[in-house]
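*Asks:* Got a structure here, written out as structure tokens. Questions coming.
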Amino acid sequence: MKRPEDLARSFLALADRDIRAFRKLSDDPEIDDEVVGFHAQQAVEKCLKAVLIKHRIEQRKTHDLQRLADLLTENDLPSPPLREGIDALGPFAVELRYDFMTSERLDREQARMVVAAVRSWAEQQIS
């Protein structure tokens, strides 16, 4: 079994894959917000989980960014930056990708800031 530090690094590597996809897709106005938002949400989710794993905080399998951020607070760990922006990405989790009646709009510029800030924050927490 991997050490928590190594598993946390693996989660950041997975987040980086979603970040690369998000960056490429977010520049293309023809790509639906749901697809772009999904990769932003996934990147943030994996960053939050990486920090939780590093600190040995158990978590259920979830895509709920609010719950993951709350777990950090409940365990006296630093909160991630731009919490409101993180919460705005929540609807773009897996469930939204299969909802054909959605009216969620993604603020792509805000999402770029959130993804970059959370990734940087996660790196600091793990190092």
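Residue numbering restarts at 1 in every chain; chains get A, B, ... in the order shown in the structure tokens, and ligands count up from 1 in that same order.
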As JSON, numbers by chain, please: the residues near A:Ala122 (cut-off 12 Å, only C-alpha atoms, same-chain neighbours under 2 positions excluded).
*Replies:* {"A": [8, 9, 11, 12, 13, 15, 16, 43, 44, 45, 46, 47, 48, 49, 50, 51, 52, 53, 54, 55, 69, 72, 77, 78, 79, 80, 81, 114, 115, 116, 117, 118, 119, 120, 124, 125, 126, 127]}
*Asks:* Could you state the separation of atom CA of A:Asn75 and atom CA of A:Ile19 in Å, given to one decimal place?
*Replies:*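 If I compute the distance from atom CA of A:Asn75 to atom CA of A:Ile19, I get 26.8 Å.
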*Asks:* Any chance you could list, as number ranges by chain, the residues in chain A that come up alpha helix (DSSP H) when DSSP is run on the backbone?
*Replies:* A: 4-26, 33-54, 65-74, 83-89, 108-126
*Asks:* Pick out the closest residue to A:Leu25 from this set: A:Gly90, A:Arg112, A:Glu5, A:Trp121. Count only C-alpha atoms.
*Replies:*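 Between A:Gly90, A:Arg112, A:Glu5, A:Trp121, the residue approaching A:Leu25 most closely is A:Arg112.
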*Asks:* Using only C-alpha atoms, can you tell me which of A:Ile57, A:Leu7, A:Ala21, A:Leu82 comes closest to A:Gly37?
*Replies:*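 Among the listed residues, the smallest separation from A:Gly37 belongs to A:Ala21.
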*Asks:* Report as a list in words all protein, DNA and RNA residues lying within 12 Å of A:Arg105, evaluated on only C-alpha atoms, omitting residues in the same chain fewer than 6 positions from it.
*Replies:* Asp32, Asp33, Glu34, Val35, Val36, Gly37, Phe38, Ala88, Leu89, Pro91, Phe92, Leu96 and Ala111 of chain A
*Asks:* At a cut-off of 9 Å, using only C-alpha atoms, what residues contact A:His63? Leave out same-chain residues fewer than 2 positions from it and give the result as a list of chain:residue names.
*Replies:* A:Gln41, A:Gln42, A:Glu45, A:Lys61, A:Leu65, A:Gln66, A:Arg67, A:Leu68, A:Gly90, A:Ala93, A:Val94
*Asks:* Restricted to all heavy atoms, what would the selected residues look like written as a CSV table (one decimal), in the first residue's frame?
*Replies:*
```csv
chain,number,residue,atom,x,y,z
A,41,GLN,N,-14.1,20.9,-12.1
A,41,GLN,CA,-14.6,20.3,-10.8
A,41,GLN,C,-13.7,19.1,-10.5
A,41,GLN,O,-13.3,19.0,-9.3
A,41,GLN,CB,-16.0,19.9,-11.0
A,41,GLN,CG,-16.7,19.4,-9.7
A,41,GLN,CD,-16.4,17.9,-9.4
A,41,GLN,OE1,-16.0,17.2,-10.3
A,41,GLN,NE2,-16.6,17.6,-8.2
A,42,GLN,N,-13.4,18.3,-11.4
A,42,GLN,CA,-12.6,17.1,-11.1
A,42,GLN,C,-11.2,17.5,-10.6
A,42,GLN,O,-10.6,16.9,-9.7
A,42,GLN,CB,-12.5,16.2,-12.4
A,42,GLN,CG,-13.7,15.4,-12.7
A,42,GLN,CD,-13.9,14.3,-11.7
A,42,GLN,OE1,-13.2,13.4,-11.6
A,42,GLN,NE2,-14.9,14.5,-10.8
A,45,GLU,N,-11.5,18.7,-7.1
A,45,GLU,CA,-11.9,17.5,-6.2
A,45,GLU,C,-10.6,16.7,-5.9
A,45,GLU,O,-10.4,16.4,-4.7
A,45,GLU,CB,-12.9,16.6,-6.9
A,45,GLU,CG,-13.2,15.4,-6.2
A,45,GLU,CD,-14.2,14.5,-6.9
A,45,GLU,OE1,-15.1,15.0,-7.7
A,45,GLU,OE2,-14.0,13.3,-6.8
A,61,LYS,N,-16.4,8.0,-0.7
A,61,LYS,CA,-16.3,8.3,-2.1
A,61,LYS,C,-17.4,9.3,-2.4
A,61,LYS,O,-18.6,9.1,-2.2
A,61,LYS,CB,-16.6,7.0,-2.9
A,61,LYS,CG,-16.4,7.2,-4.4
A,61,LYS,CD,-16.6,5.9,-5.1
A,61,LYS,CE,-16.5,6.1,-6.6
A,61,LYS,NZ,-16.7,4.9,-7.3
A,65,LEU,N,-17.7,18.8,-3.4
A,65,LEU,CA,-16.6,19.7,-3.1
A,65,LEU,C,-16.9,20.4,-1.7
A,65,LEU,O,-15.9,20.6,-1.0
A,65,LEU,CB,-16.4,20.8,-4.2
A,65,LEU,CG,-16.0,20.2,-5.6
A,65,LEU,CD1,-15.9,21.4,-6.6
A,65,LEU,CD2,-14.8,19.4,-5.5
A,66,GLN,N,-18.1,20.8,-1.5
A,66,GLN,CA,-18.4,21.4,-0.2
A,66,GLN,C,-18.1,20.4,1.0
A,66,GLN,O,-17.5,20.8,2.0
A,66,GLN,CB,-19.9,21.8,-0.1
A,66,GLN,CG,-20.2,23.0,-1.0
A,66,GLN,CD,-21.7,23.3,-0.9
A,66,GLN,OE1,-22.5,22.5,-0.6
A,66,GLN,NE2,-22.0,24.6,-1.3
A,67,ARG,N,-18.4,19.2,0.8
A,67,ARG,CA,-18.2,18.2,1.9
A,67,ARG,C,-16.7,18.0,2.1
A,67,ARG,O,-16.2,17.9,3.2
A,67,ARG,CB,-18.8,16.9,1.6
A,67,ARG,CG,-18.6,15.8,2.6
A,67,ARG,CD,-19.2,16.2,3.9
A,67,ARG,NE,-18.7,15.3,5.0
A,67,ARG,CZ,-18.2,15.7,6.1
A,67,ARG,NH1,-18.2,17.0,6.4
A,67,ARG,NH2,-17.8,14.9,7.0
A,68,LEU,N,-15.9,17.9,1.0
A,68,LEU,CA,-14.5,17.8,1.1
A,68,LEU,C,-13.8,19.0,1.8
A,68,LEU,O,-12.9,18.8,2.6
A,68,LEU,CB,-13.9,17.6,-0.3
A,68,LEU,CG,-14.3,16.3,-1.0
A,68,LEU,CD1,-13.9,16.2,-2.5
A,68,LEU,CD2,-13.8,15.0,-0.3
A,90,GLY,N,-19.3,22.9,-7.9
A,90,GLY,CA,-20.0,21.7,-7.5
A,90,GLY,C,-21.0,21.1,-8.4
A,90,GLY,O,-21.0,19.9,-8.7
A,93,ALA,N,-20.1,18.4,-11.3
A,93,ALA,CA,-19.7,17.0,-11.0
A,93,ALA,C,-20.3,16.0,-12.0
A,93,ALA,O,-21.1,16.4,-12.8
A,93,ALA,CB,-20.0,16.6,-9.5
A,94,VAL,N,-20.0,14.8,-11.8
A,94,VAL,CA,-20.4,13.7,-12.7
A,94,VAL,C,-21.9,13.8,-13.0
A,94,VAL,O,-22.3,13.7,-14.2
A,94,VAL,CB,-20.1,12.4,-12.1
A,94,VAL,CG1,-20.6,11.2,-13.0
A,94,VAL,CG2,-18.6,12.2,-11.9
```
